[in-house]
>>> print(open('run.pdb').read())   # PDB, C-alpha atoms
ATOM      1  CA  MET A   1     237.811  55.029 -72.873  1.00  0.00           C
ATOM      2  CA  ALA A   2     240.960  57.123 -72.597  1.00  0.00           C
ATOM      3  CA  ILE A   3     244.411  55.766 -73.220  1.00  0.00           C
ATOM      4  CA  ASP A   4     246.660  56.009 -70.177  1.00  0.00           C
ATOM      5  CA  ARG A   5     250.117  57.270 -71.106  1.00  0.00           C
ATOM      6  CA  ASN A   6     251.779  55.384 -68.257  1.00  0.00           C
ATOM      7  CA  HIS A   7     250.461  52.051 -69.513  1.00  0.00           C
ATOM      8  CA  VAL A   8     251.669  52.785 -73.028  1.00  0.00           C
ATOM      9  CA  ALA A   9     255.084  53.814 -71.685  1.00  0.00           C
ATOM     10  CA  TRP A  10     255.407  50.610 -69.671  1.00  0.00           C
ATOM     11  CA  VAL A  11     254.458  48.439 -72.660  1.00  0.00           C
ATOM     12  CA  VAL A  12     256.978  50.219 -74.898  1.00  0.00           C
ATOM     13  CA  ALA A  13     259.684  49.900 -72.229  1.00  0.00           C
ATOM     14  CA  ALA A  14     258.965  46.175 -71.817  1.00  0.00           C
ATOM     15  CA  LEU A  15     259.138  45.732 -75.582  1.00  0.00           C
ATOM     16  CA  ALA A  16     262.491  47.535 -75.761  1.00  0.00           C
ATOM     17  CA  VAL A  17     263.953  45.488 -72.919  1.00  0.00           C
ATOM     18  CA  ALA A  18     262.642  42.182 -74.303  1.00  0.00           C
ATOM     19  CA  ALA A  19     264.052  42.867 -77.769  1.00  0.00           C
ATOM     20  CA  VAL A  20     267.689  43.021 -76.638  1.00  0.00           C
ATOM     21  CA  PRO A  21     268.197  39.377 -75.596  1.00  0.00           C
ATOM     22  CA  LEU A  22     265.941  38.200 -78.424  1.00  0.00           C
ATOM     23  CA  ALA A  23     268.238  39.939 -80.905  1.00  0.00           C
ATOM     24  CA  PHE A  24     270.991  37.511 -79.970  1.00  0.00           C
ATOM     25  CA  PHE A  25     269.096  34.254 -79.354  1.00  0.00           C
ATOM     26  CA  GLY A  26     265.587  32.861 -79.090  1.00  0.00           C
ATOM     27  CA  PRO A  27     262.861  31.252 -81.182  1.00  0.00           C
ATOM     28  CA  GLU A  28     262.552  32.780 -84.637  1.00  0.00           C
ATOM     29  CA  GLY A  29     258.838  33.557 -84.478  1.00  0.00           C
ATOM     30  CA  LEU A  30     259.146  35.380 -81.182  1.00  0.00           C
ATOM     31  CA  ARG A  31     262.231  37.251 -82.396  1.00  0.00           C
ATOM     32  CA  LEU A  32     260.378  38.368 -85.505  1.00  0.00           C
ATOM     33  CA  ALA A  33     257.344  39.580 -83.549  1.00  0.00           C
ATOM     34  CA  VAL A  34     259.195  41.463 -80.798  1.00  0.00           C
ATOM     35  CA  ILE A  35     261.935  43.016 -82.940  1.00  0.00           C
ATOM     36  CA  GLY A  36     259.438  43.848 -85.679  1.00  0.00           C
ATOM     37  CA  LEU A  37     257.210  45.664 -83.205  1.00  0.00           C
ATOM     38  CA  LEU A  38     260.213  47.516 -81.793  1.00  0.00           C
ATOM     39  CA  MET A  39     261.300  48.669 -85.247  1.00  0.00           C
ATOM     40  CA  LEU A  40     257.744  49.598 -86.220  1.00  0.00           C
ATOM     41  CA  ALA A  41     256.634  51.448 -83.103  1.00  0.00           C
ATOM     42  CA  GLY A  42     259.277  51.541 -80.366  1.00  0.00           C
ATOM     43  CA  PRO A  43     261.287  54.768 -80.614  1.00  0.00           C
ATOM     44  CA  GLY A  44     258.470  56.602 -82.367  1.00  0.00           C
ATOM     45  CA  THR A  45     255.965  55.867 -79.629  1.00  0.00           C
ATOM     46  CA  ALA A  46     258.487  57.033 -77.043  1.00  0.00           C
ATOM     47  CA  LEU A  47     258.971  60.214 -79.089  1.00  0.00           C
ATOM     48  CA  VAL A  48     255.212  60.816 -79.277  1.00  0.00           C
ATOM     49  CA  LEU A  49     254.965  60.335 -75.505  1.00  0.00           C
ATOM     50  CA  TYR A  50     257.863  62.754 -75.041  1.00  0.00           C
ATOM     51  CA  LEU A  51     256.190  65.370 -77.249  1.00  0.00           C
ATOM     52  CA  ARG A  52     252.827  64.764 -75.538  1.00  0.00           C
ATOM     53  CA  LEU A  53     250.908  64.109 -78.758  1.00  0.00           C
ATOM     54  CA  GLY A  54     247.749  62.059 -79.013  1.00  0.00           C
ATOM     55  CA  SER A  55     245.108  61.338 -76.435  1.00  0.00           C
ATOM     56  CA  ALA A  56     245.205  63.339 -73.220  1.00  0.00           C
ATOM     57  CA  GLY A  57     244.305  60.388 -71.042  1.00  0.00           C
ATOM     58  CA  ASN A  58     243.572  61.543 -67.499  1.00  0.00           C
ATOM     59  CA  ASP A  59     245.951  64.512 -67.426  1.00  0.00           C
ATOM     60  CA  ASP A  60     243.189  66.999 -66.622  1.00  0.00           C
ATOM     61  CA  ALA A  61     241.214  66.790 -63.404  1.00  0.00           C
ATOM     62  CA  ASP A  62     238.168  68.621 -64.789  1.00  0.00           C
ATOM     63  CA  GLY A  63     237.628  66.130 -67.634  1.00  0.00           C
ATOM     64  CA  ALA A  64     236.403  68.745 -70.090  1.00  0.00           C
ATOM     65  CA  GLY A  65     234.537  67.036 -72.898  1.00  0.00           C
ATOM     66  CA  ALA A  66     235.774  69.407 -75.625  1.00  0.00           C
ATOM     67  CA  HIS A  67     239.398  68.843 -74.665  1.00  0.00           C
ATOM     68  CA  ARG A  68     238.919  65.082 -74.583  1.00  0.00           C
ATOM     69  CA  SER A  69     237.313  64.962 -78.039  1.00  0.00           C
ATOM     70  CA  ALA A  70     240.042  67.207 -79.488  1.00  0.00           C
ATOM     71  CA  ALA A  71     242.740  64.973 -78.022  1.00  0.00           C
ATOM     72  CA  GLN A  72     241.084  61.850 -79.423  1.00  0.00           C
ATOM     73  CA  SER A  73     240.971  63.407 -82.868  1.00  0.00           C
ATOM     74  CA  THR A  74     244.784  63.710 -82.805  1.00  0.00           C
ATOM     75  CA  LEU A  75     245.270  60.022 -82.015  1.00  0.00           C
ATOM     76  CA  PRO A  76     245.569  58.930 -85.687  1.00  0.00           C
ATOM     77  CA  LEU A  77     248.146  61.670 -86.221  1.00  0.00           C
ATOM     78  CA  ALA A  78     250.114  60.512 -83.175  1.00  0.00           C
ATOM     79  CA  ILE A  79     250.080  56.906 -84.422  1.00  0.00           C
ATOM     80  CA  SER A  80     251.266  58.032 -87.860  1.00  0.00           C
ATOM     81  CA  ILE A  81     254.090  60.071 -86.348  1.00  0.00           C
ATOM     82  CA  ALA A  82     255.078  57.146 -84.114  1.00  0.00           C
ATOM     83  CA  VAL A  83     255.321  54.661 -86.993  1.00  0.00           C
ATOM     84  CA  ALA A  84     257.034  57.086 -89.365  1.00  0.00           C
ATOM     85  CA  SER A  85     259.644  58.211 -86.861  1.00  0.00           C
ATOM     86  CA  SER A  86     260.337  54.619 -85.752  1.00  0.00           C
ATOM     87  CA  LEU A  87     260.950  53.527 -89.317  1.00  0.00           C
ATOM     88  CA  ALA A  88     263.083  56.607 -89.961  1.00  0.00           C
ATOM     89  CA  LEU A  89     265.233  55.946 -86.882  1.00  0.00           C
ATOM     90  CA  SER A  90     265.605  52.293 -87.859  1.00  0.00           C
ATOM     91  CA  THR A  91     266.730  53.356 -91.316  1.00  0.00           C
ATOM     92  CA  LEU A  92     269.189  55.915 -89.920  1.00  0.00           C
ATOM     93  CA  VAL A  93     270.753  53.362 -87.560  1.00  0.00           C
ATOM     94  CA  ALA A  94     271.074  50.795 -90.350  1.00  0.00           C
ATOM     95  CA  THR A  95     272.533  53.338 -92.769  1.00  0.00           C
ATOM     96  CA  ALA A  96     275.052  54.571 -90.206  1.00  0.00           C
ATOM     97  CA  MET A  97     276.148  50.989 -89.537  1.00  0.00           C
ATOM     98  CA  VAL A  98     276.551  50.259 -93.251  1.00  0.00           C
ATOM     99  CA  PHE A  99     278.616  53.383 -93.858  1.00  0.00           C
ATOM    100  CA  ALA A 100     280.750  52.646 -90.793  1.00  0.00           C
ATOM    101  CA  ARG A 101     281.266  49.088 -92.126  1.00  0.00           C
ATOM    102  CA  MET A 102     280.150  47.688 -88.795  1.00  0.00           C
ATOM    103  CA  TRP A 103     276.968  45.858 -89.812  1.00  0.00           C
ATOM    104  CA  SER A 104     275.453  43.896 -86.931  1.00  0.00           C
ATOM    105  CA  PRO A 105     271.668  43.529 -86.662  1.00  0.00           C
ATOM    106  CA  PRO A 106     271.718  42.613 -82.940  1.00  0.00           C
ATOM    107  CA  VAL A 107     273.678  45.790 -82.188  1.00  0.00           C
ATOM    108  CA  ALA A 108     271.164  47.796 -84.236  1.00  0.00           C
ATOM    109  CA  VAL A 109     268.350  46.377 -82.081  1.00  0.00           C
ATOM    110  CA  LEU A 110     270.344  47.307 -78.981  1.00  0.00           C
ATOM    111  CA  VAL A 111     270.791  50.881 -80.245  1.00  0.00           C
ATOM    112  CA  LEU A 112     267.066  51.215 -81.054  1.00  0.00           C
ATOM    113  CA  SER A 113     266.188  49.864 -77.610  1.00  0.00           C
ATOM    114  CA  LEU A 114     268.522  52.350 -75.941  1.00  0.00           C
ATOM    115  CA  ILE A 115     267.037  55.229 -77.955  1.00  0.00           C
ATOM    116  CA  THR A 116     263.540  54.111 -76.945  1.00  0.00           C
ATOM    117  CA  LEU A 117     264.407  53.844 -73.257  1.00  0.00           C
ATOM    118  CA  LEU A 118     266.224  57.194 -73.330  1.00  0.00           C
ATOM    119  CA  LEU A 119     263.193  58.942 -74.843  1.00  0.00           C
ATOM    120  CA  LEU A 120     260.900  57.314 -72.279  1.00  0.00           C
ATOM    121  CA  VAL A 121     263.111  58.468 -69.395  1.00  0.00           C
ATOM    122  CA  LEU A 122     263.360  61.988 -70.814  1.00  0.00           C
ATOM    123  CA  GLY A 123     259.588  62.108 -71.223  1.00  0.00           C
ATOM    124  CA  ALA A 124     259.027  60.954 -67.648  1.00  0.00           C
ATOM    125  CA  ARG A 125     261.425  63.586 -66.314  1.00  0.00           C
ATOM    126  CA  ARG A 126     259.923  66.291 -68.487  1.00  0.00           C
ATOM    127  CA  PHE A 127     256.401  65.758 -67.167  1.00  0.00           C
ATOM    128  CA  PRO A 128     256.524  64.283 -63.657  1.00  0.00           C
ATOM    129  CA  VAL A 129     253.353  62.743 -62.289  1.00  0.00           C
ATOM    130  CA  SER A 130     251.612  65.223 -60.019  1.00  0.00           C
ATOM    131  CA  ALA A 131     250.188  64.204 -56.658  1.00  0.00           C
ATOM    132  CA  ALA A 132     246.545  63.210 -56.767  1.00  0.00           C
ATOM    133  CA  GLY A 133     244.389  65.833 -55.123  1.00  0.00           C
ATOM    134  CA  ALA A 134     247.069  68.527 -55.170  1.00  0.00           C
ATOM    135  CA  SER A 135     246.078  71.719 -56.921  1.00  0.00           C
TER     136      SER A 135
END
>>> encode(input="run.pdb", output="structure tokens")
Amino acid sequence: MAIDRNHVAWVVAALAVAAVPLAFFGPEGLRLAVIGLLMLAGPGTALVLYLRLGSAGNDDADGAGAHRSAAQSTLPLAISIAVASSLALSTLVATAMVFARMWSPPVAVLVLSLITLLLLVLGARRFPVSAAGAS
């Protein structure tokens, strides 16, 4: 079963949008889960989608088996890049806030959410969805 990039993009966008109000108020368990997932995989997943790494999904109409198996073999690499770049961006935002003497965790969540949404929009504009049946 192939992973659809559009579904992943929508889940990441929903996570980024949901994290902003939860950064300011909300139940602690839900805040921990949503903000933790954003910091662990939000901007990195958007970056991987922008770079077009990982599973090919249904990008090709011919469905070549060799291409599909090669794309699935890069999925662990794409997940590793997503987690590593998310943690790196989280660290960079926190470090910049500390050095600027403007430490505010809710603002850091807002910045990470904006970075995630920006990368998702850039990725969608970079590779627009083609019309079905057009060749």
>>> residues_near_point(input="run.pdb", point="(254.8, 58.3, -84.5)", cutoff="8 Å", atoms="all atoms listed in the file", output="list in words")
Ala41, Gly44, Thr45, Leu47, Val48, Leu77, Ala78, Ile79, Ser80, Ile81, Ala82, Val83, Ala84, Ser85 and Ser86 of chain A
>>> residues_around(input="run.pdb", residues="A:Arg5", least_positions_apart="2", cutoff="8 Å", atoms="all atoms listed in the file", output="PyMOL selection string")
chain A and resi 3+7-9+49+57
>>> closest_residue(input="run.pdb", among="A:Ala19, A:Val107, A:Ala46, A:Leu87", to="A:Leu122", atoms="only C-alpha atoms")
A:Ala46
>>> atom_distance(input="run.pdb", atom1="atom CA of A:Arg125", atom2="atom CA of A:Pro106")
28.7 Å
>>> closest_residue(input="run.pdb", among="A:Leu75, A:Gly29, A:Met97, A:Leu110", to="A:Ala16", atoms="only C-alpha atoms")
A:Leu110
>>> closest_residue(input="run.pdb", among="A:Pro105, A:Pro43, A:Gly123, A:Pro76", to="A:Val20", atoms="only C-alpha atoms")
A:Pro105
>>> atom_distance(input="run.pdb", atom1="atom CA of A:Ala18", atom2="atom CA of A:Leu53")
25.3 Å
>>> atom_distance(input="run.pdb", atom1="atom CA of A:Leu119", atom2="atom CA of A:Ala33")
22.0 Å
>>> resolve_selection(input="run.pdb", expression="the PyMOL selection byres ((chain A and resi 35) around 9)", output="number ranges by chain")
A: 15-16, 18-20, 22-23, 30-34, 36-40, 109
